[in-house]
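Visitor: Provided herewith is a single structure, encoded as structure tokens, for subsequent inquiry.
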Amino acid sequence: MSVSANDNAAKVSVRGVLAKYSVLIAFAAIVIFFAIASPTFLTPANLFNVLVNNVVMLAIVALGLTIVISSGGIDLSVGVSVDMASMIFVMLLAVGYSGVVGVAGGLGAALIVGILNAIMITRLNISPFLATLGVLFIGQSTQQLATSGGQPIYLTSGYAADQFNAIARTALFGMPTPVIVLIVLVVAVHVLLHRSVFGRYVQAMGAQPGVAWYSGIRVPRELSMVHVLCALLAGVTGILLSATVKSYVPLSGNAFLLDAIGATFIGTTLSRERKPSVIGTLLGVLLLAIVKNGLLLVGWNFYWQQVGIGVLVFLVLAASFGLRRVAH
Amino acid sequence: MQTAKRDIAVSMTGISKRFGPVRALENANLEIARGSILGLVGQNGAGKSTIIKVLAGIIKPDSGSIVINCETVSSLTPASVEKLGVHFIHQDRLLVPTATVGEAVFLGHEIGLGPFASRRAMERRAADLLKRFFGMELPAGTLVKDLTTAQQKVVQITRALAQKASVLVLDEPTAALVKREVDSLFDVLRRLRDDGIAVVFISHYMQEIEKLCDRVTVMRNGTNVGTVDPRHTPIGEIIAMMIARDVGEMFPKRSVTLGAPVLEVSNLRLDGSFENIGFNVRAGEIVGLTGLLGSGAKEIVQCLFGLKTADGGQVKVEGRELSLSTPVRAVRDGIAMLPEDRRAHGVALGLSVRENISLASLRRYSRTGMVSRGAENQAVDSLIRELSIKTPHRDALVRELSGGNQQKVAIAKWLSCQSRVYVLDEPTVAVDVGAKVEIYNLLNRLAGEGAAILLLSSDLLELVGVCDRVLVVYRGRLAGSFSGSAMNSDALLAATSGARSNADGVAA
């Protein structure tokens, strides 16, 4: 009797451990799979490439979306913030302004997108989904109008290129600037969302907006701040993107939207409390980036990569849900 | 008055039920006749809803017998009661908002082949029934959430009829309806009665009882104290039967010396709702505010907290005039609000006890915008202890707590703010008796510490038991202020329901 009870307890706890670490286990499994399938996958050069090209920019956009989704909203216009920052940044450099002015101008452009979202949501009471969808449409057209139908701007040589290099390549402790920016922003957003008064208000608005309002929280103001922060973070990605590829390609920011939403929700699903979190979002970004890169190395073309990502996301989430249910 | 045996649809005799030390039902009897509308009235806590819950199979009685359609039933469950043809239309609508009318009518009894529900067949049958019983035509596939509250009631009734209901119990069905909808609902109920269905109608509105019911059973202190014909019995007499003379130890006694006025309201006006409202609440005083739905009592409270912007008048807290534009300002000015809809406005179910309690006072536990978890934990723990909030730990989700404990969390949020004025909107709705007493004790303690308390409630016994003074609002004006021996349920009930003013045709 007592033996079998012990067996049961042991089994349950094994399952509990499995459920608790399912993300890490799935992660490890994916890494091992690609390491076996492709000899280049686990090389430092490739991992560095994944970090710089796939993780950093997506992660910064996803950080912004994590704040917005925590507040119970959504921002479909993050791509526009990326593009607007990128466009103004590149245009300012193209006419000879310094990198500092360019960065300020780029962030200013993203700020305007954020303020536009904030006004529509908090003053006109339009739902975040529709408001940011509207801004998405307007932002896309604006870019096409400003670039005679979507002509990219390349600045591959001269003063501007030097400024780009200064941003993209300057290294501290052997790390390129974008990676350092990411680390700083991850820490900052984590503290803001999970340690600060503002973060607590954001969580309250996300959990039950009526309660936040009835508790004397300045909901419109906090919500405006949420959308401005999200746009600014996306703007940072826009600047890093342009500095890396030395160009501005209209509408390229949209590629981040679905991946960033996906990463945030994967993070939400994997978290214990089922709430968006900075750590969860980072895990989601890493998962997406590794799977994309791995499938590329294995030789799948772009379209099959998308299928592979979809299937893997399902598998990881299903495993997590299943194990969690067993654990309870 | 004697009714032939075969005409009795439901007969409940000698029903008793205790919850701990509280007697909810004591040897109560209820007889429901076919082809007649029975009113069921009584103060809150008189046992109306308990005896209905016993009939619905939700509460098991300690003793007593129940005969449904000449058949003695021993253990009732909600499902077995429905099978016997007894259906309940509860106060809160219990329809799936995104279901179509057809799906709502046949929920749980879907028409179709095996596991496949035939939506088209259900829509058609539902449309047939609605047309046949109520002459109501709705576009095929209309969603429940697009219906008016009255239409939803009708859909619920149709659901009961679709399953061959012989007894229909409606709990406060008119609470959220406008006059015209009430009239059409009454027509529906009369038609059902004429078809031989037994209807039970629970309402606080005496005029409705008088207008609709063939008989009315009055409950008091957990038992039935009489059944009369409302058309031949003056309302005053029914009210006299309802009033419990002994309030008992439900309401803890207290003795407080009142201080200076803390909340001063003068000439407050909200167009279309109320006007010329003026009153004070002194330190240590508990002032009750009551009135029927639509009387303006609720709107007064909403204006005080900045949820609605008053069109005129002045509100002062400790001598300072308030702007009262938003709850943000109200909270800063020291007004605490315990809202009626706890789940929407009182506590965030998805947040922890800790996060809820500190939500309105985070600035106290933070430095340079960062929350100091140590200070927060300490304050939250001491409030959990002080209010004896039953929670596994401070980080448990509020969702996991009972209704009474959720309400205590909502109160703790304001204690943590050290508010001066507490405005409570129906604080004991959907809270069990034990938790009610705890909340009353808490109010007494707050008052004892010098807070000014304004208690909006429709529970007259609660008002009499807890308050130093009760203000009655009738049609947007203060119809009276009652204290001392003048503050009794008779007087309050008369003033709120306008029975007195109706009698001589003049608004008070």
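Quick note on naming: the chains in the structure tokens go A, B, ... in the order shown, residues restart at 1 in each chain, and ligands are numbered from 1 in order of appearance.
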If we count only C-alpha atoms, which residues of chain A reach to within 9 Å of chain B? Please list them as a ChimeraX atom specification.
Guide: /A:191-192,195-198,200-201,203-204,207-219
Visitor: Convert the current residue selection to file output with C-alpha atoms, as an mmCIF file, in the first residue's frame.
Guide:
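Output (part30.cif):
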data_model
loop_
_atom_site.group_PDB
_atom_site.id
_atom_site.type_symbol
_atom_site.label_atom_id
_atom_site.label_comp_id
_atom_site.auth_asym_id
_atom_site.auth_seq_id
_atom_site.Cartn_x
_atom_site.Cartn_y
_atom_site.Cartn_z
ATOM 1 C CA VAL A 191 12.055 46.409 -13.813
ATOM 2 C CA LEU A 192 9.393 48.713 -15.200
ATOM 3 C CA ARG A 195 8.883 46.067 -10.081
ATOM 4 C CA SER A 196 7.546 49.587 -10.585
ATOM 5 C CA VAL A 197 4.317 51.289 -9.613
ATOM 6 C CA PHE A 198 3.639 51.940 -13.289
ATOM 7 C CA ARG A 200 1.556 47.362 -11.280
ATOM 8 C CA TYR A 201 -0.963 49.769 -12.783
ATOM 9 C CA GLN A 203 -1.095 44.749 -14.779
ATOM 10 C CA ALA A 204 -4.215 46.018 -13.025
ATOM 11 C CA ALA A 207 -6.532 42.221 -15.324
ATOM 12 C CA GLN A 208 -9.666 44.351 -14.824
ATOM 13 C CA PRO A 209 -9.827 47.903 -16.232
ATOM 14 C CA GLY A 210 -12.869 48.791 -14.116
ATOM 15 C CA VAL A 211 -11.034 47.970 -10.916
ATOM 16 C CA ALA A 212 -8.090 50.127 -11.964
ATOM 17 C CA TRP A 213 -10.424 53.053 -12.659
ATOM 18 C CA TYR A 214 -12.302 52.591 -9.378
ATOM 19 C CA SER A 215 -8.988 52.493 -7.498
ATOM 20 C CA GLY A 216 -8.116 56.023 -8.559
ATOM 21 C CA ILE A 217 -5.560 55.030 -11.177
ATOM 22 C CA ARG A 218 -5.241 57.561 -13.992
ATOM 23 C CA VAL A 219 -6.068 54.964 -16.589
#
Visitor: Got a sec: who's within 6 Å of range 246-262 of chain A, counting only C-alpha atoms, leaving out chain neighbours fewer than 6 positions off, as a list in words?
Guide: Ala62, Gly79, Val82, Asp83, Met87, Gly150, Pro152, Ile153, Tyr154, Leu155 and Thr156 of chain A
Visitor: Determine, counting only C-alpha atoms, which protein, DNA and RNA residues have an atom within 9 Å of an atom of Pro173 in chain B; residues of the same chain fewer than 5 positions away are not included. Present the result as JSON, numbers by chain.
Guide: {"B": [89, 90, 91, 92, 150, 153, 182, 185, 201, 202, 203]}
Visitor: With a distance cut-off of 7 Å and only C-alpha atoms, select the neighbouring residues of range 109-126 of chain B, excluding the residue or stretch itself and same-chain residues fewer than 5 positions from it, and output the selection as a list of chain:residue names.
Guide: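 My list of contacting residues is B:Val101, B:Gly102, B:Glu103, B:Ala140, B:Gly141.
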Visitor: Which parts of range 154-268 of chain A does DSSP call alpha helix (DSSP H) when run on the backbone here, written out as number ranges by chain?
Guide: A: 158-169, 177-194, 197-207, 209-214, 219-245, 254-268
Visitor: Could those residues be written to a file, using C-alpha atoms, as a PDB file, in the first residue's frame?
Guide:
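Result went into part_35.pdb, see below:
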ATOM      1  CA  GLY A 158      30.290  58.062 -47.263  1.00  0.00           C
ATOM      2  CA  TYR A 159      29.521  59.910 -44.037  1.00  0.00           C
ATOM      3  CA  ALA A 160      26.168  58.228 -43.419  1.00  0.00           C
ATOM      4  CA  ALA A 161      27.689  54.767 -43.729  1.00  0.00           C
ATOM      5  CA  ASP A 162      30.291  55.699 -41.133  1.00  0.00           C
ATOM      6  CA  GLN A 163      27.559  56.805 -38.798  1.00  0.00           C
ATOM      7  CA  PHE A 164      25.729  53.487 -39.373  1.00  0.00           C
ATOM      8  CA  ASN A 165      28.898  51.554 -38.672  1.00  0.00           C
ATOM      9  CA  ALA A 166      29.458  53.537 -35.517  1.00  0.00           C
ATOM     10  CA  ILE A 167      26.050  52.413 -34.252  1.00  0.00           C
ATOM     11  CA  ALA A 168      25.960  48.847 -35.518  1.00  0.00           C
ATOM     12  CA  ARG A 169      29.489  47.727 -34.973  1.00  0.00           C
ATOM     13  CA  THR A 177      26.004  47.874 -29.736  1.00  0.00           C
ATOM     14  CA  PRO A 178      22.613  46.356 -30.648  1.00  0.00           C
ATOM     15  CA  VAL A 179      23.212  43.472 -28.215  1.00  0.00           C
ATOM     16  CA  ILE A 180      24.151  45.889 -25.465  1.00  0.00           C
ATOM     17  CA  VAL A 181      21.069  47.976 -26.207  1.00  0.00           C
ATOM     18  CA  LEU A 182      18.936  44.844 -25.950  1.00  0.00           C
ATOM     19  CA  ILE A 183      20.426  43.868 -22.597  1.00  0.00           C
ATOM     20  CA  VAL A 184      19.845  47.348 -21.201  1.00  0.00           C
ATOM     21  CA  LEU A 185      16.270  47.438 -22.499  1.00  0.00           C
ATOM     22  CA  VAL A 186      15.444  43.950 -21.207  1.00  0.00           C
ATOM     23  CA  VAL A 187      16.560  44.916 -17.726  1.00  0.00           C
ATOM     24  CA  ALA A 188      14.778  48.270 -17.925  1.00  0.00           C
ATOM     25  CA  VAL A 189      11.477  46.855 -19.173  1.00  0.00           C
ATOM     26  CA  HIS A 190      11.639  43.994 -16.695  1.00  0.00           C
ATOM     27  CA  VAL A 191      12.055  46.409 -13.813  1.00  0.00           C
ATOM     28  CA  LEU A 192       9.393  48.713 -15.200  1.00  0.00           C
ATOM     29  CA  LEU A 193       6.803  45.989 -15.751  1.00  0.00           C
ATOM     30  CA  HIS A 194       7.469  43.775 -12.752  1.00  0.00           C
ATOM     31  CA  VAL A 197       4.317  51.289  -9.613  1.00  0.00           C
ATOM     32  CA  PHE A 198       3.639  51.940 -13.289  1.00  0.00           C
ATOM     33  CA  GLY A 199       4.031  48.222 -14.024  1.00  0.00           C
ATOM     34  CA  ARG A 200       1.556  47.362 -11.280  1.00  0.00           C
ATOM     35  CA  TYR A 201      -0.963  49.769 -12.783  1.00  0.00           C
ATOM     36  CA  VAL A 202      -0.402  48.216 -16.207  1.00  0.00           C
ATOM     37  CA  GLN A 203      -1.095  44.749 -14.779  1.00  0.00           C
ATOM     38  CA  ALA A 204      -4.215  46.018 -13.025  1.00  0.00           C
ATOM     39  CA  MET A 205      -5.562  47.593 -16.206  1.00  0.00           C
ATOM     40  CA  GLY A 206      -4.889  44.335 -18.009  1.00  0.00           C
ATOM     41  CA  ALA A 207      -6.532  42.221 -15.324  1.00  0.00           C
ATOM     42  CA  PRO A 209      -9.827  47.903 -16.232  1.00  0.00           C
ATOM     43  CA  GLY A 210     -12.869  48.791 -14.116  1.00  0.00           C
ATOM     44  CA  VAL A 211     -11.034  47.970 -10.916  1.00  0.00           C
ATOM     45  CA  ALA A 212      -8.090  50.127 -11.964  1.00  0.00           C
ATOM     46  CA  TRP A 213     -10.424  53.053 -12.659  1.00  0.00           C
ATOM     47  CA  TYR A 214     -12.302  52.591  -9.378  1.00  0.00           C
ATOM     48  CA  VAL A 219      -6.068  54.964 -16.589  1.00  0.00           C
ATOM     49  CA  PRO A 220      -5.925  57.242 -19.678  1.00  0.00           C
ATOM     50  CA  ARG A 221      -2.532  58.605 -18.685  1.00  0.00           C
ATOM     51  CA  GLU A 222      -1.026  55.224 -17.880  1.00  0.00           C
ATOM     52  CA  LEU A 223      -2.466  53.742 -21.055  1.00  0.00           C
ATOM     53  CA  SER A 224      -0.983  56.580 -23.116  1.00  0.00           C
ATOM     54  CA  MET A 225       2.385  55.885 -21.541  1.00  0.00           C
ATOM     55  CA  VAL A 226       2.014  52.203 -22.448  1.00  0.00           C
ATOM     56  CA  HIS A 227       1.489  52.951 -26.129  1.00  0.00           C
ATOM     57  CA  VAL A 228       4.199  55.606 -26.297  1.00  0.00           C
ATOM     58  CA  LEU A 229       6.709  53.212 -24.709  1.00  0.00           C
ATOM     59  CA  CYS A 230       5.790  50.467 -27.155  1.00  0.00           C
ATOM     60  CA  ALA A 231       6.234  52.775 -30.146  1.00  0.00           C
ATOM     61  CA  LEU A 232       9.562  54.068 -28.821  1.00  0.00           C
ATOM     62  CA  LEU A 233      10.904  50.555 -28.350  1.00  0.00           C
ATOM     63  CA  ALA A 234       9.838  49.681 -31.890  1.00  0.00           C
ATOM     64  CA  GLY A 235      11.591  52.876 -32.991  1.00  0.00           C
ATOM     65  CA  VAL A 236      14.822  51.649 -31.397  1.00  0.00           C
ATOM     66  CA  THR A 237      14.530  48.526 -33.524  1.00  0.00           C
ATOM     67  CA  GLY A 238      13.966  50.690 -36.612  1.00  0.00           C
ATOM     68  CA  ILE A 239      17.205  52.575 -35.979  1.00  0.00           C
ATOM     69  CA  LEU A 240      19.214  49.429 -35.253  1.00  0.00           C
ATOM     70  CA  LEU A 241      17.763  47.798 -38.351  1.00  0.00           C
ATOM     71  CA  SER A 242      18.719  50.690 -40.625  1.00  0.00           C
ATOM     72  CA  ALA A 243      22.168  50.961 -39.111  1.00  0.00           C
ATOM     73  CA  THR A 244      22.729  47.246 -39.709  1.00  0.00           C
ATOM     74  CA  VAL A 245      21.513  47.071 -43.299  1.00  0.00           C
ATOM     75  CA  ASN A 254       5.724  44.778 -40.660  1.00  0.00           C
ATOM     76  CA  ALA A 255       7.708  41.567 -40.634  1.00  0.00           C
ATOM     77  CA  PHE A 256       8.161  42.052 -36.895  1.00  0.00           C
ATOM     78  CA  LEU A 257       4.486  42.346 -36.027  1.00  0.00           C
ATOM     79  CA  LEU A 258       3.327  38.735 -36.092  1.00  0.00           C
ATOM     80  CA  ASP A 259       6.591  37.331 -34.763  1.00  0.00           C
ATOM     81  CA  ALA A 260       6.537  39.758 -31.846  1.00  0.00           C
ATOM     82  CA  ILE A 261       2.904  39.001 -31.037  1.00  0.00           C
ATOM     83  CA  GLY A 262       3.684  35.294 -31.343  1.00  0.00           C
ATOM     84  CA  ALA A 263       6.695  35.544 -29.048  1.00  0.00           C
ATOM     85  CA  THR A 264       4.727  37.481 -26.436  1.00  0.00           C
ATOM     86  CA  PHE A 265       1.853  35.017 -26.412  1.00  0.00           C
ATOM     87  CA  ILE A 266       4.175  32.013 -26.358  1.00  0.00           C
ATOM     88  CA  GLY A 267       5.770  33.648 -23.331  1.00  0.00           C
ATOM     89  CA  THR A 268       2.342  34.178 -21.770  1.00  0.00           C
TER      90      THR A 268
END
Visitor: Have a look at CA of Ala35 in chain A and CA of Ala318 in chain A and let me know their distance in Å, one decimal.
Guide: 23.4 Å
Visitor: Step one, run DSSP on the backbone; step two, keep only residues of range 292-445 of chain B assigned to strand (DSSP E or B); then write them as a list of chain:residue names.
Guide: B:Gly312, B:Gly313, B:Gln314, B:Val315, B:Lys316, B:Val317, B:Arg320, B:Glu321, B:Ile335, B:Ala336, B:Met337, B:Leu338, B:Ser352, B:Ser366, B:Arg367, B:Met370, B:Val371, B:Leu397, B:Val421, B:Tyr422, B:Val423, B:Leu424, B:Asp425
Visitor: Write the residues of the selection above to a file with C-alpha atoms, as a PDB file, in the first residue's frame.
Guide:
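This is the output file again.pdb:
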ATOM      1  CA  GLY B 312     -24.382  71.476  -9.763  1.00  0.00           C
ATOM      2  CA  GLY B 313     -23.825  71.597  -6.039  1.00  0.00           C
ATOM      3  CA  GLN B 314     -20.983  71.356  -3.609  1.00  0.00           C
ATOM      4  CA  VAL B 315     -19.228  68.515  -1.857  1.00  0.00           C
ATOM      5  CA  LYS B 316     -16.721  69.089   0.913  1.00  0.00           C
ATOM      6  CA  VAL B 317     -14.481  66.639   2.723  1.00  0.00           C
ATOM      7  CA  ARG B 320     -12.191  71.280   1.514  1.00  0.00           C
ATOM      8  CA  GLU B 321     -14.325  71.576  -1.572  1.00  0.00           C
ATOM      9  CA  ILE B 335     -13.053  59.134  -0.653  1.00  0.00           C
ATOM     10  CA  ALA B 336     -13.153  55.349  -0.748  1.00  0.00           C
ATOM     11  CA  MET B 337     -15.729  53.533  -2.824  1.00  0.00           C
ATOM     12  CA  LEU B 338     -16.927  49.984  -2.435  1.00  0.00           C
ATOM     13  CA  SER B 352      -3.292  38.401  -6.111  1.00  0.00           C
ATOM     14  CA  SER B 366       7.131  52.850  -3.157  1.00  0.00           C
ATOM     15  CA  ARG B 367      10.142  55.041  -3.553  1.00  0.00           C
ATOM     16  CA  MET B 370       9.598  51.399  -7.509  1.00  0.00           C
ATOM     17  CA  VAL B 371       7.422  49.221  -5.311  1.00  0.00           C
ATOM     18  CA  LEU B 397      -5.376  34.979  -6.659  1.00  0.00           C
ATOM     19  CA  VAL B 421     -14.920  58.917   3.746  1.00  0.00           C
ATOM     20  CA  TYR B 422     -16.239  55.488   2.841  1.00  0.00           C
ATOM     21  CA  VAL B 423     -18.992  55.226   0.276  1.00  0.00           C
ATOM     22  CA  LEU B 424     -20.384  51.703   0.138  1.00  0.00           C
ATOM     23  CA  ASP B 425     -22.702  50.597  -2.637  1.00  0.00           C
TER      24      ASP B 425
END
Visitor: Of the candidates B:Ala495, B:Met206, B:Ala99, B:Met136, which one gets nearest to Val188 in chain B if we count only C-alpha atoms?
Guide: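 Using only C-alpha atoms, Val188 in chain B sits closest to B:Met136.
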Visitor: Would you kindly return, as an MDAnalysis selection string, each protein, DNA or RNA residue with an atom no farther than 12 Å from any atom of range 256-260 of chain B, considering only C-alpha atoms and excluding same-chain residues fewer than 4 positions away?
Guide: chainID B and resid 264 280:287 317:319 444:453 467:468
Visitor: Please measure the separation of CA of Asn117 in chain A and CA of Thr142 in chain A, giving the value in Å to one decimal.
Guide: 15.6 Å
Visitor: May I ask for the distance between CA of Pro261 in chain B and CA of Leu454 in chain B, given in Å to one decimal place?
Guide: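 Pair CA of Pro261 in chain B / CA of Leu454 in chain B returns 12.4 Å.
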Visitor: Write out as a PyMOL selection string which residues come within 8 Å of Leu93 in chain A when counting only C-alpha atoms, dropping same-chain ones fewer than 5 positions away.
Guide: chain A and resi 98-99+102+160
Visitor: With C-alpha atoms retained, could you export that selection as a PDB file, in the first residue's frame?
Guide:
ATOM      1  CA  SER A  98      24.930  63.494 -37.607  1.00  0.00           C
ATOM      2  CA  GLY A  99      24.037  60.126 -36.162  1.00  0.00           C
ATOM      3  CA  GLY A 102      19.315  61.019 -36.834  1.00  0.00           C
ATOM      4  CA  ALA A 160      26.168  58.228 -43.419  1.00  0.00           C
TER       5      ALA A 160
END
Visitor: From the options A:Val278, A:Leu296, A:Leu312, A:Leu283, which residue's atoms come nearest to Val55 in chain A, counting only C-alpha atoms?
Guide: A:Leu283
Visitor: At most 9 Å is the cut-off: for each residue in range 286-315 of chain A with any atom that close to an atom of range 45-51 of chain A, write down the nearest atom pair and the distance in Å rounded to one decimal, counting only C-alpha atoms, chain first then increasing number, as JSON lines.
Guide:
{"residue": "A:Leu286", "atom": "CA", "partner": "A:Leu51", "partner_atom": "CA", "distance": 8.5}
{"residue": "A:Ala289", "atom": "CA", "partner": "A:Val50", "partner_atom": "CA", "distance": 6.7}
{"residue": "A:Ile290", "atom": "CA", "partner": "A:Val50", "partner_atom": "CA", "distance": 7.2}
{"residue": "A:Asn293", "atom": "CA", "partner": "A:Val50", "partner_atom": "CA", "distance": 6.8}
Visitor: Save out the residues we just selected, N, CA and C atoms, as a PDB file, in the first residue's frame.
Guide:
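That gives us again.pdb:
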ATOM      1  N   LEU A 286      13.539  33.716 -28.514  1.00  0.00           N
ATOM      2  CA  LEU A 286      14.644  32.774 -28.731  1.00  0.00           C
ATOM      3  C   LEU A 286      14.151  31.532 -29.462  1.00  0.00           C
ATOM      4  N   ALA A 289      13.522  32.354 -33.061  1.00  0.00           N
ATOM      5  CA  ALA A 289      14.761  32.634 -33.782  1.00  0.00           C
ATOM      6  C   ALA A 289      15.538  31.358 -34.051  1.00  0.00           C
ATOM      7  N   ILE A 290      15.604  30.500 -33.044  1.00  0.00           N
ATOM      8  CA  ILE A 290      16.379  29.271 -33.197  1.00  0.00           C
ATOM      9  C   ILE A 290      15.737  28.344 -34.230  1.00  0.00           C
ATOM     10  N   ASN A 293      16.330  29.778 -37.756  1.00  0.00           N
ATOM     11  CA  ASN A 293      17.712  29.595 -38.181  1.00  0.00           C
ATOM     12  C   ASN A 293      18.016  28.120 -38.441  1.00  0.00           C
TER      13      ASN A 293
END
